[in-house]
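Novice: Dropping in upload.tsv, which is TSV, C-alpha atoms:
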chain	number	residue	atom	x	y	z
F	96	MET	CA	79.87	106.39	72.01
F	97	ASN	CA	78.17	104.16	74.56
F	98	PHE	CA	80.81	103.78	77.25
F	99	ALA	CA	78.40	102.27	79.80
F	100	HIS	CA	77.62	99.46	77.35
F	101	ASP	CA	81.33	98.83	76.76
F	102	MET	CA	81.98	98.62	80.49
F	103	GLU	CA	79.07	96.20	80.96
F	104	ARG	CA	80.46	94.01	78.18
F	105	CYS	CA	83.92	93.93	79.78
F	106	LEU	CA	82.64	93.29	83.31
F	107	ALA	CA	80.27	90.53	82.11
F	108	GLY	CA	77.83	90.92	84.98
F	109	GLN	CA	80.41	91.54	87.71
F	110	ARG	CA	79.73	94.43	90.08
F	111	PRO	CA	83.00	95.63	91.62
F	112	VAL	CA	82.92	97.90	94.65
F	113	ARG	CA	86.25	99.46	93.69
F	114	ILE	CA	87.90	99.72	90.31
F	115	GLY	CA	91.31	100.99	89.26
F	116	VAL	CA	92.48	102.76	86.12
F	117	ALA	CA	95.97	103.26	84.74
F	118	VAL	CA	96.51	106.82	83.49
F	119	SER	CA	99.71	108.02	81.81
F	120	GLY	CA	98.51	111.52	80.96
F	121	GLY	CA	98.24	110.84	77.22
F	122	SER	CA	95.01	111.46	75.36
F	123	ASP	CA	93.80	107.85	75.44
F	124	SER	CA	94.12	107.26	79.17
F	125	THR	CA	93.02	110.79	80.04
F	126	ALA	CA	89.81	110.36	78.04
F	127	LEU	CA	89.33	106.98	79.72
F	128	LEU	CA	89.67	108.64	83.14
F	129	VAL	CA	87.04	111.25	82.30
F	130	LEU	CA	84.59	108.64	80.97
F	131	LEU	CA	85.26	106.27	83.83
F	132	ALA	CA	84.80	108.91	86.53
F	133	ASP	CA	81.33	109.64	85.22
F	134	TRP	CA	80.51	105.92	84.93
F	135	ALA	CA	81.77	105.19	88.46
F	136	ALA	CA	79.68	108.00	89.95
F	137	GLN	CA	76.55	106.72	88.22
F	138	ASN	CA	77.18	103.13	89.31
F	139	ASP	CA	78.27	103.80	92.92
F	140	VAL	CA	81.78	102.43	92.28
F	141	VAL	CA	84.88	103.80	94.04
F	142	LEU	CA	87.42	104.82	91.38
F	143	SER	CA	91.15	104.88	92.09
F	144	VAL	CA	93.82	106.08	89.65
F	145	ALA	CA	97.41	104.90	89.32
F	146	SER	CA	100.14	106.48	87.21
F	147	VAL	CA	103.65	105.10	86.71
F	148	ASN	CA	106.68	107.37	86.50
F	149	HIS	CA	109.30	105.28	84.73
F	150	GLY	CA	112.06	107.74	85.62
F	151	LEU	CA	113.12	107.99	81.99
F	152	ARG	CA	112.04	111.59	81.24
F	153	SER	CA	112.26	114.70	83.42
F	154	ALA	CA	108.97	115.97	81.93
F	155	ALA	CA	107.08	112.97	83.31
F	156	ALA	CA	106.76	114.56	86.76
F	157	ASP	CA	104.98	117.61	85.33
F	158	GLU	CA	102.73	115.40	83.17
F	159	LEU	CA	101.67	113.33	86.16
F	160	ALA	CA	101.12	116.50	88.20
F	161	GLN	CA	98.62	117.45	85.52
F	162	VAL	CA	96.93	114.05	86.00
F	163	SER	CA	96.80	114.68	89.75
F	164	LYS	CA	95.08	118.01	89.20
F	165	LEU	CA	92.49	116.42	86.92
F	166	CYS	CA	91.87	113.71	89.52
F	167	ARG	CA	91.29	116.36	92.18
F	168	ASP	CA	88.82	118.10	89.86
F	169	LEU	CA	87.05	114.77	89.31
F	170	ARG	CA	87.26	113.94	93.04
F	171	VAL	CA	89.01	110.60	92.58
F	172	GLU	CA	92.08	109.18	94.34
F	173	HIS	CA	95.42	109.31	92.51
F	174	ASP	CA	98.69	107.53	93.32
F	175	ILE	CA	101.97	107.88	91.45
F	176	LEU	CA	104.11	104.73	91.32
F	177	HIS	CA	107.84	104.83	90.56
F	178	TRP	CA	109.95	102.41	88.51
F	179	THR	CA	113.48	102.50	89.89
F	180	ASP	CA	115.23	99.30	88.76
F	181	TRP	CA	115.78	99.79	85.01
F	182	ASP	CA	119.29	98.44	84.31
F	183	GLY	CA	119.59	99.66	80.73
F	184	ALA	CA	119.54	96.13	79.28
F	185	GLY	CA	117.02	94.49	76.97
F	186	ASN	CA	113.96	95.86	75.19
F	187	LEU	CA	113.10	99.14	76.92
F	188	GLN	CA	109.42	99.26	75.97
F	189	ASP	CA	108.87	95.61	76.93
F	190	LYS	CA	110.70	96.01	80.25
F	191	ALA	CA	108.75	99.19	81.00
F	192	ARG	CA	105.46	97.46	80.20
F	193	GLN	CA	106.25	94.52	82.49
F	194	ALA	CA	107.37	96.83	85.30
F	195	ARG	CA	104.25	98.97	84.87
F	196	ASN	CA	101.97	95.94	85.10
F	197	GLU	CA	103.73	94.62	88.20
F	198	LEU	CA	103.70	98.00	89.95
F	199	ILE	CA	99.99	98.43	89.22
F	200	ALA	CA	99.25	94.86	90.34
F	201	ASP	CA	100.99	95.47	93.68
F	202	TRP	CA	99.14	98.78	94.07
F	203	ALA	CA	95.81	97.09	93.29
F	204	GLN	CA	96.41	94.33	95.82
F	205	ALA	CA	97.27	96.88	98.51
F	206	ASN	CA	94.03	98.74	97.76
F	207	ASP	CA	91.77	95.68	97.45
F	208	ILE	CA	91.16	96.32	93.74
F	209	LYS	CA	90.37	93.39	91.45
F	210	HIS	CA	89.76	95.21	88.14
F	211	ILE	CA	92.14	97.52	86.27
F	212	VAL	CA	90.87	99.50	83.28
F	213	LEU	CA	93.29	100.27	80.43
F	214	GLY	CA	93.00	102.88	77.68
F	215	HIS	CA	93.97	100.85	74.60
F	216	THR	CA	92.16	102.04	71.49
F	217	ALA	CA	91.32	100.86	67.98
F	218	ASN	CA	94.60	102.46	66.84
F	219	ASP	CA	96.57	100.35	69.33
F	220	GLN	CA	94.69	97.29	68.16
F	221	ALA	CA	95.46	98.00	64.50
F	222	GLU	CA	99.15	98.54	65.27
F	223	THR	CA	99.30	95.28	67.22
F	224	VAL	CA	97.71	93.31	64.37
F	225	LEU	CA	100.12	94.69	61.80
F	226	MET	CA	103.17	94.17	64.02
F	227	ARG	CA	102.22	90.55	64.61
F	228	LEU	CA	101.39	89.98	60.97
F	229	MET	CA	104.89	91.12	60.01
F	230	ARG	CA	106.31	88.69	62.58
F	231	GLY	CA	104.42	85.77	61.04
F	232	SER	CA	101.96	85.28	63.89
F	233	GLY	CA	99.11	82.78	63.62
F	234	VAL	CA	95.51	83.00	64.77
F	235	ASP	CA	96.30	83.79	68.41
F	236	GLY	CA	98.71	86.59	67.56
F	237	LEU	CA	96.38	88.18	65.03
F	238	ALA	CA	93.54	88.08	67.55
F	239	ALA	CA	95.58	90.87	69.18
F	240	MET	CA	94.34	92.45	72.40
F	241	THR	CA	91.26	91.09	74.10
F	242	PRO	CA	88.66	93.23	75.90
F	243	THR	CA	89.42	91.31	79.11
F	244	ARG	CA	92.46	89.46	80.38
F	245	HIS	CA	93.24	87.77	83.70
F	246	HIS	CA	96.86	88.39	84.68
F	247	LEU	CA	98.74	88.86	87.97
F	248	ASN	CA	95.56	87.96	89.90
F	249	LEU	CA	93.72	90.89	88.32
F	250	GLN	CA	91.09	91.36	85.65
F	251	TRP	CA	92.48	93.85	83.10
F	252	ILE	CA	89.74	95.34	80.94
F	253	ARG	CA	89.88	97.44	77.77
F	254	PRO	CA	86.55	99.13	77.03
F	255	LEU	CA	87.92	101.50	74.34
F	256	LEU	CA	89.06	99.00	71.70
F	257	ASP	CA	86.29	100.05	69.31
F	258	TYR	CA	87.15	103.77	69.47
F	259	THR	CA	89.86	105.66	67.61
F	260	ARG	CA	92.29	108.07	69.17
F	261	ASP	CA	90.65	110.96	67.29
F	262	GLU	CA	87.26	110.11	68.81
F	263	LEU	CA	88.73	110.17	72.31
F	264	ARG	CA	90.54	113.45	71.71
F	265	ALA	CA	87.24	114.91	70.58
F	266	VAL	CA	85.79	114.01	74.00
F	267	LEU	CA	88.60	115.89	75.74
F	268	THR	CA	88.47	118.86	73.40
F	269	ALA	CA	84.72	119.22	73.96
F	270	GLN	CA	85.35	119.44	77.73
F	271	LYS	CA	88.45	121.63	77.35
F	272	ILE	CA	90.67	119.05	79.06
F	273	CYS	CA	94.38	118.96	78.19
F	274	TRP	CA	96.57	115.92	77.73
F	275	SER	CA	100.31	115.25	77.34
F	276	ASP	CA	102.09	113.89	74.26
F	277	ASP	CA	104.94	111.50	75.12
F	278	PRO	CA	107.86	112.17	72.72
F	279	SER	CA	108.70	108.46	72.71
F	280	ASN	CA	105.57	108.02	70.57
F	281	LEU	CA	107.59	109.63	67.74
F	282	ASP	CA	110.82	107.68	68.36
F	283	ASP	CA	111.61	105.45	65.35
F	284	ARG	CA	113.72	103.13	67.51
F	285	PHE	CA	110.54	101.47	68.72
F	286	ASP	CA	108.70	98.88	66.60
F	287	ARG	CA	105.27	100.26	67.48
F	288	VAL	CA	106.22	103.75	66.33
F	289	GLN	CA	107.52	102.35	63.03
F	290	THR	CA	104.31	100.38	62.58
F	291	ARG	CA	102.19	103.45	63.33
F	292	LYS	CA	104.03	105.37	60.63
F	293	VAL	CA	103.54	102.54	58.13
F	294	ILE	CA	99.78	102.64	58.76
F	295	GLU	CA	99.76	106.40	58.21
F	296	ALA	CA	102.06	106.35	55.15
F	297	LEU	CA	100.09	103.61	53.39
F	298	ASN	CA	96.76	104.97	54.59
F	299	LEU	CA	95.84	101.52	55.90
F	300	SER	CA	92.36	101.10	57.32
F	301	VAL	CA	92.38	101.01	61.12
F	302	SER	CA	88.86	99.59	61.10
F	303	GLY	CA	89.93	96.87	58.63
F	304	LEU	CA	92.83	95.77	60.85
F	305	VAL	CA	90.55	95.81	63.88
F	306	GLU	CA	88.03	93.66	62.00
F	307	THR	CA	90.84	91.17	61.29
F	308	ALA	CA	91.52	90.99	65.02
F	309	ASN	CA	87.83	90.44	65.75
F	310	ARG	CA	87.54	87.64	63.20
F	311	MET	CA	90.72	85.98	64.42
F	312	ARG	CA	89.36	86.17	67.96
F	313	GLU	CA	86.24	84.28	66.85
F	314	THR	CA	88.43	81.65	65.20
F	315	ARG	CA	90.58	81.36	68.30
F	316	SER	CA	87.48	80.85	70.46
F	317	TYR	CA	86.44	77.95	68.25
F	318	LEU	CA	89.90	76.37	68.37
F	319	GLU	CA	90.07	76.81	72.14
F	320	ALA	CA	86.71	75.06	72.52
F	321	GLN	CA	87.99	72.15	70.43
F	322	THR	CA	91.18	72.03	72.49
F	323	GLU	CA	89.22	72.00	75.75
F	324	ALA	CA	87.10	69.10	74.47
F	325	ALA	CA	90.27	67.21	73.52
F	326	ALA	CA	91.79	67.92	76.94
F	327	ARG	CA	88.72	66.59	78.76
F	328	ASN	CA	88.65	63.52	76.53
F	329	LEU	CA	92.35	62.64	76.47
F	330	ALA	CA	94.10	64.21	79.47
F	331	LYS	CA	94.08	63.90	83.25
F	332	VAL	CA	95.91	65.60	86.11
F	333	THR	CA	97.72	63.30	88.53
F	334	PRO	CA	97.95	63.84	92.32
F	335	VAL	CA	101.52	65.17	91.90
F	336	GLY	CA	100.43	67.80	89.39
F	337	ASP	CA	101.60	66.03	86.24
F	338	VAL	CA	99.42	65.89	83.15
F	339	GLU	CA	99.01	62.58	81.33
F	340	VAL	CA	97.63	62.49	77.79
F	341	ASP	CA	96.54	59.42	75.82
F	342	PHE	CA	99.28	59.00	73.21
F	343	ASP	CA	97.26	57.32	70.44
F	344	GLY	CA	94.36	59.74	70.81
F	345	PHE	CA	96.76	62.65	70.79
F	346	LEU	CA	98.30	61.55	67.49
F	347	GLU	CA	94.85	61.40	65.90
F	348	LEU	CA	94.23	65.08	66.54
F	349	PRO	CA	94.83	67.64	63.76
F	350	LEU	CA	98.24	69.31	64.04
F	351	GLU	CA	96.77	72.63	65.24
F	352	LEU	CA	94.95	70.93	68.13
F	353	ARG	CA	98.02	68.84	69.03
F	354	GLN	CA	100.07	72.02	69.25
F	355	ARG	CA	97.43	73.81	71.29
F	356	LEU	CA	96.84	70.93	73.71
F	357	MET	CA	100.54	70.29	74.30
F	358	SER	CA	101.23	74.00	74.66
F	359	HIS	CA	98.51	74.20	77.31
F	360	CYS	CA	99.90	71.16	79.18
F	361	LEU	CA	103.34	72.77	79.32
F	362	LYS	CA	102.00	76.17	80.39
F	363	TRP	CA	99.86	74.65	83.13
F	364	VAL	CA	102.55	72.41	84.61
F	365	ALA	CA	105.16	75.19	84.49
F	366	SER	CA	102.73	77.94	85.64
F	367	CYS	CA	103.92	79.88	82.61
F	368	PRO	CA	101.70	82.71	81.27
F	369	TYR	CA	102.92	82.41	77.68
F	370	ARG	CA	102.87	79.54	75.21
F	371	PRO	CA	106.22	78.25	73.92
F	372	ARG	CA	107.56	79.56	70.64
F	373	ILE	CA	106.16	77.55	67.77
F	374	ALA	CA	109.53	76.29	66.48
F	375	ALA	CA	110.53	74.99	69.93
F	376	LEU	CA	107.09	73.43	70.42
F	377	ARG	CA	107.30	71.60	67.11
F	378	ARG	CA	110.74	70.22	68.00
F	379	PHE	CA	109.33	69.04	71.31
F	380	LEU	CA	106.38	67.34	69.58
F	381	GLY	CA	108.72	65.71	67.08
F	382	GLN	CA	110.66	64.09	69.93
F	383	ILE	CA	107.45	62.94	71.59
F	384	ASP	CA	106.23	61.44	68.29
F	385	GLN	CA	109.45	59.39	68.25
F	386	ARG	CA	108.84	58.33	71.87
F	387	ARG	CA	111.93	60.23	73.01
F	388	LYS	CA	112.13	62.19	76.25
F	389	ALA	CA	111.96	65.93	75.62
F	390	THR	CA	112.24	69.11	77.69
F	391	LEU	CA	110.70	72.53	77.16
F	392	VAL	CA	109.85	75.55	79.39
F	393	GLY	CA	110.98	73.72	82.52
F	394	CYS	CA	108.94	70.58	81.82
F	395	VAL	CA	109.79	67.00	80.89
F	396	GLY	CA	107.70	65.08	78.37
F	397	GLU	CA	107.93	61.34	77.85
F	398	VAL	CA	105.80	58.51	76.47
F	399	LEU	CA	105.11	55.82	79.09
F	400	THR	CA	104.80	52.11	78.44
F	401	THR	CA	101.16	52.46	79.54
F	402	GLY	CA	100.45	54.54	76.43
F	403	GLN	CA	100.37	57.95	78.10
F	404	ILE	CA	102.38	61.07	77.44
F	405	ARG	CA	103.42	62.40	80.84
F	406	ILE	CA	104.25	66.10	81.23
F	407	SER	CA	105.98	66.74	84.55
F	408	ARG	CA	108.05	69.50	86.12
F	409	GLU	CA	111.78	69.40	85.42
F	410	PHE	CA	113.85	69.34	88.62
F	411	GLN	CA	116.43	71.81	87.29
F	412	ALA	CA	113.67	74.37	86.76
F	413	VAL	CA	112.70	74.35	90.44
F	414	SER	CA	115.95	73.34	92.13
F	415	LYS	CA	116.54	76.88	93.44
F	416	VAL	CA	112.93	77.87	94.13
F	417	SER	CA	112.32	78.38	97.86
F	418	VAL	CA	109.53	80.12	99.77
F	419	ALA	CA	108.33	80.37	103.35
F	420	THR	CA	105.75	77.82	104.44
F	421	GLY	CA	102.21	78.93	103.69
F	422	GLN	CA	103.32	80.79	100.58
F	423	VAL	CA	102.74	79.47	97.07
F	424	TRP	CA	105.65	77.44	95.75
F	425	ASP	CA	106.38	77.23	92.02
F	426	GLY	CA	103.17	79.07	91.24
F	427	ARG	CA	100.85	76.23	92.23
F	428	TRP	CA	101.63	74.40	95.50
F	429	ARG	CA	100.93	75.46	99.09
F	430	LEU	CA	102.20	73.39	102.05
F	431	GLN	CA	100.68	74.01	105.47
F	432	THR	CA	100.43	72.63	108.98
F	433	ASP	CA	98.63	73.60	112.19
F	434	VAL	CA	101.87	74.38	114.04
F	435	ALA	CA	103.78	77.65	113.67
F	436	THR	CA	106.89	77.08	111.53
F	437	PRO	CA	108.61	80.47	111.05
F	438	ASP	CA	112.02	79.02	110.21
F	439	HIS	CA	110.84	76.36	107.77
F	440	THR	CA	110.96	76.71	103.99
F	441	VAL	CA	109.44	74.92	101.02
F	442	ALA	CA	111.78	73.69	98.28
F	443	ALA	CA	112.06	70.83	95.80
F	444	LEU	CA	112.89	67.40	97.19
F	445	GLY	CA	115.68	66.54	94.77
F	446	GLN	CA	117.73	63.41	95.25
F	447	ALA	CA	118.75	64.29	98.80
F	448	GLY	CA	115.17	64.81	99.92
F	449	LEU	CA	113.67	61.83	98.11
F	450	ALA	CA	116.32	59.55	99.59
F	451	GLN	CA	114.89	60.35	103.03
F	452	CYS	CA	111.37	59.29	102.00
F	453	GLU	CA	111.69	55.55	102.46
F	454	ASN	CA	108.15	54.76	101.29
F	455	TRP	CA	107.97	57.01	98.23
F	456	ARG	CA	107.62	54.03	95.88
F	457	GLN	CA	104.39	53.04	97.62
F	458	THR	CA	102.78	56.29	96.43
F	459	GLY	CA	102.90	55.02	92.84
F	460	HIS	CA	104.29	58.35	91.65
F	461	ALA	CA	107.21	58.53	89.25
F	462	ARG	CA	110.65	59.32	90.62
F	463	THR	CA	111.09	62.11	88.05
F	464	SER	CA	107.92	63.77	89.28
F	465	LEU	CA	108.80	63.49	92.97
F	466	LEU	CA	112.28	64.92	92.51
F	467	ALA	CA	110.60	68.17	91.43
F	468	ALA	CA	107.88	67.95	94.09
F	469	PRO	CA	107.85	70.31	97.10
F	470	GLY	CA	109.06	69.35	100.56
F	471	VAL	CA	109.34	71.17	103.87
F	472	TRP	CA	112.88	71.91	105.03
F	473	LEU	CA	114.47	73.23	108.20
F	474	GLY	CA	117.88	74.25	106.99
F	475	ASP	CA	119.31	71.18	105.26
F	476	ALA	CA	117.00	68.78	107.08
F	477	LEU	CA	113.84	67.50	105.41
F	478	VAL	CA	110.83	67.86	107.71
F	479	ALA	CA	107.98	66.58	105.53
F	480	ALA	CA	107.18	65.53	101.97
F	481	PRO	CA	103.41	64.97	101.62
F	482	LEU	CA	103.47	64.02	97.93
F	483	ALA	CA	106.21	61.47	98.57
F	484	GLY	CA	104.22	59.76	101.32
F	485	TRP	CA	105.85	61.42	104.34
F	486	LYS	CA	103.22	63.87	105.60
F	487	GLN	CA	104.27	64.47	109.21
F	488	GLY	CA	101.10	66.50	109.77
F	489	TRP	CA	101.53	68.62	106.61
F	490	THR	CA	99.10	69.10	103.71
F	491	CYS	CA	100.04	69.88	100.13
F	492	GLU	CA	97.43	71.74	98.09
F	493	LEU	CA	97.36	72.29	94.33
F	494	ILE	CA	96.03	75.83	94.69
F	495	ASN	CA	94.19	76.13	91.36
F	496	GLY	CA	92.72	72.65	91.54
F	497	ARG	CA	92.77	70.01	88.85
F	498	ASN	CA	89.69	71.41	87.13
F	499	SER	CA	91.61	74.58	86.32
F	500	PHE	CA	93.64	72.55	83.84
F	501	TYR	CA	90.53	72.18	81.70
F	502	SER	CA	88.83	75.51	82.32
F	503	SER	CA	91.99	77.55	81.71
F	504	VAL	CA	92.23	76.33	78.12
F	505	LEU	CA	89.73	79.07	77.26
F	506	SER	CA	90.75	82.74	77.15
F	507	HIS	CA	89.14	84.88	79.85
Before we go any further, please render this structure as structure tokens.
Specialist:
Amino acid sequence: MNFAHDMERCLAGQRPVRIGVAVSGGSDSTALLVLLADWAAQNDVVLSVASVNHGLRSAAADELAQVSKLCRDLRVEHDILHWTDWDGAGNLQDKARQARNELIADWAQANDIKHIVLGHTANDQAETVLMRLMRGSGVDGLAAMTPTRHHLNLQWIRPLLDYTRDELRAVLTAQKICWSDDPSNLDDRFDRVQTRKVIEALNLSVSGLVETANRMRETRSYLEAQTEAAARNLAKVTPVGDVEVDFDGFLELPLELRQRLMSHCLKWVASCPYRPRIAALRRFLGQIDQRRKATLVGCVGEVLTTGQIRISREFQAVSKVSVATGQVWDGRWRLQTDVATPDHTVAALGQAGLAQCENWRQTGHARTSLLAAPGVWLGDALVAAPLAGWKQGWTCELINGRNSFYSSVLSH
């Protein structure tokens, strides 16, 4: 085991001052904590530990107390975060995972941490591949978990994907360190538990499933590079944040690249972290091929008489989105001015707002796009609409910049 090498690979030359790690008390994350504490000490990095108590098991408090004791022994900081808003609806494991990520992201922001280390192993990777294979996933799904992922303004890194759970338990056993076994890991109600038992019952090769993920990741990288080249050649971002794609050039692309490019356009315009489901995406593309207006994930797609496919935000998707001035609106716009405006809000223009922008046609922007564009409001009164040509001393910034449309095609 060369943990230092695995950390270097995940960090890719970055040198964080502080780094965070999520520890549940199970063997995987406990072994990660032990390895990471040693690495952090050798590299002069401040290590902070976060654990999430989901409030679902009474034993969790004792398990996290054990984590706290280990952290004291290792001389690292430890915070316990609590999930309190589970409503009993939906997929429990998925809801818990989302809540855990959001709680850790908030904790990291409060502690000026940019990197979170996770304890996913080769066993987790194998289970993920098999689960997605049974669901009919394509290349992206079978690529499974990546060593690094940017999400919620954090870099999430997984340095243990090449190691099995048994190897990590051997590390703990050698140092006489205990861990906790979550009983939910034996609960057949959960898909992952069922998949784990299939792997064990059929004696499937964990290393073989991991190798499938690695090869699919290489294939995905190639397809992403081709998609980025197509985006740079065929697509542009307009001043109102729409994406326009050359229709004829788009139709000449292979189906896989058409799906990838359109999926990326929709994700970028909607600030959506996940690509649309393949069936819905294909229906959307079928309508575009027929030059019919189509909607998907809060976006509108239509073929213009100029020969461009325009992907713009759908007004209904943002009609109720409102934030204070200076905050990011709809995941990508920030409106600001030099004057203090504590009572002002940012919301979509809609018909009422656009009607007050007498010169909006002179901007050259489409009405559909401007209806879903942000404006500054004081109660029910429109104060400014920079994208619609009524600035009134306000600026409107696309926070990620137009170049992010191209660069974000690639997985990071």
Novice: Would you mind reading off the distance between atom CA of F:Asp257 and atom CA of F:Leu128, one decimal, in Å?
Specialist: 16.6 Å
Novice: Counting only C-alpha atoms, figure out which residue out of F:His177, F:Arg167, F:Lys331, F:Arg260 gets nearest to F:His149.
Specialist: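 Going through F:His177, F:Arg167, F:Lys331, F:Arg260 one by one, the smallest distance to F:His149 is for F:His177.
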Novice: Pick from F:Val418, F:Met311, F:Ala160, F:Leu130: nearest to F:Pro437, with all atoms listed in the file counted?
Specialist: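 Under the stated criterion, the closest residue is F:Val418.
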Novice: Quick one: residues within 10 Å of F:Val364, only C-alpha atoms, excluding same-chain residues fewer than 5 positions away - as a count of residues only?
Specialist: 17
Novice: Once you count all atoms listed in the file, which residues end up no further than 12 Å from (104.7, 61.2, 100.5) in the file's frame, shown as a VMD selection string?
Specialist: chain F and resid 334 to 335 444 448 to 462 464 to 466 468 to 471 478 to 491
Novice: What separation in Å, quoted to one decimal, exists between atom CA of F:Ala419 and atom CA of F:Gln250?
Specialist: 27.0 Å
Novice: My list of candidates is F:Leu225, F:Met240, F:Val118, F:Ala320. Which is closest to F:Asp286 when distances are computed with all atoms listed in the file?
Specialist: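 Counting all atoms listed in the file, the residue closest to F:Asp286 is F:Leu225.
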Novice: In Å to one decimal, how far is atom CA of F:Ser119 from atom CA of F:Arg195?
Specialist: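 These atoms are spaced 10.6 Å apart.
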Novice: Set the distance at 6 Å and use only C-alpha atoms: which residues neighbour F:Arg405 once local chain neighbours fewer than 5 positions away are removed? I'd like the list as a count of residues only.
Specialist: 4
Novice: Can you pull out the residues contacting F:His246? Cut-off 10 Å, using all atoms listed in the file, and skip same-chain residues under 6 positions away; I want them as JSON, numbers by chain.
Specialist: {"F": [196, 197, 200, 368, 507]}
Novice: Okay, now the selection with C-alpha atoms, as a JSON list (two decimals), keeping the file's coordinate frame?
Specialist:
[["chain", "number", "residue", "atom", "x", "y", "z"],
["F", 196, "ASN", "CA", 101.97, 95.94, 85.10],
["F", 197, "GLU", "CA", 103.73, 94.62, 88.20],
["F", 200, "ALA", "CA", 99.25, 94.86, 90.34],
["F", 368, "PRO", "CA", 101.70, 82.71, 81.27],
["F", 507, "HIS", "CA", 89.14, 84.88, 79.85]]
Novice: Counting all atoms listed in the file, which residue out of F:Ile208, F:Leu304, F:Ala374, F:Cys367 sits closest to F:Ala239?
Specialist: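 Between F:Ile208, F:Leu304, F:Ala374, F:Cys367, the residue approaching F:Ala239 most closely is F:Leu304.
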Novice: Counting all atoms listed in the file, which residues come within 10 Å of (101.4, 96.4, 88.7), with the point read in the file's coordinates, and could you list them as a list in words?
Specialist: Ala117, Ala145, Val147, Leu176, Arg192, Gln193, Ala194, Arg195, Asn196, Glu197, Leu198, Ile199, Ala200, Asp201, Trp202, Ala203, Gln204, Ile211, Leu247 and Leu249 of chain F
Novice: So, with only C-alpha atoms as the atoms that count, which of F:Asn309, F:Ser300, F:Thr401, F:Asn138 lies closest to F:Asp235?
Specialist: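 Closest residue, counting only C-alpha atoms: F:Asn309.
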Novice: Which is closer to F:Val293 than all the others in F:Leu169, F:Ile252, F:Ala221, F:Leu237, using all atoms listed in the file?
Specialist: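 Going through F:Leu169, F:Ile252, F:Ala221, F:Leu237 one by one, the smallest distance to F:Val293 is for F:Ala221.
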Novice: Do you know which residues are at most 9 Å from F:Val116 counting only C-alpha atoms, after dropping those on the same chain fewer than 2 positions away, and could you put them as a PDB file with C-alpha atoms, in the coordinates of the input?
Specialist:
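selection-v6.pdb, written as the output of this step:
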ATOM      1  CA  ILE F 114      87.900  99.720  90.310  1.00  0.00           C
ATOM      2  CA  VAL F 118      96.510 106.820  83.490  1.00  0.00           C
ATOM      3  CA  SER F 124      94.120 107.260  79.170  1.00  0.00           C
ATOM      4  CA  LEU F 127      89.330 106.980  79.720  1.00  0.00           C
ATOM      5  CA  LEU F 128      89.670 108.640  83.140  1.00  0.00           C
ATOM      6  CA  LEU F 131      85.260 106.270  83.830  1.00  0.00           C
ATOM      7  CA  LEU F 142      87.420 104.820  91.380  1.00  0.00           C
ATOM      8  CA  SER F 143      91.150 104.880  92.090  1.00  0.00           C
ATOM      9  CA  VAL F 144      93.820 106.080  89.650  1.00  0.00           C
ATOM     10  CA  ALA F 145      97.410 104.900  89.320  1.00  0.00           C
ATOM     11  CA  SER F 146     100.140 106.480  87.210  1.00  0.00           C
ATOM     12  CA  HIS F 210      89.760  95.210  88.140  1.00  0.00           C
ATOM     13  CA  ILE F 211      92.140  97.520  86.270  1.00  0.00           C
ATOM     14  CA  VAL F 212      90.870  99.500  83.280  1.00  0.00           C
ATOM     15  CA  LEU F 213      93.290 100.270  80.430  1.00  0.00           C
ATOM     16  CA  GLY F 214      93.000 102.880  77.680  1.00  0.00           C
TER      17      GLY F 214
END
Novice: Near F:Val416, counting only C-alpha atoms, which residues have an atom at most 10 Å away, once you skip same-chain residues fewer than 2 positions from it, shown as a PyMOL selection string?
Specialist: chain F and resi 411-414+418+424-425+441-443+469
Novice: Report, as JSON, the centre and edge lengths in Å (one decimal) of the axis-aligned box enclosing every listed atom of stretch 428-446 of chain F, padded by 4 Å on each side.
Specialist:
{"center_x": 108.2, "center_y": 71.9, "center_z": 104.4, "size_x": 27.1, "size_y": 25.1, "size_z": 27.3}
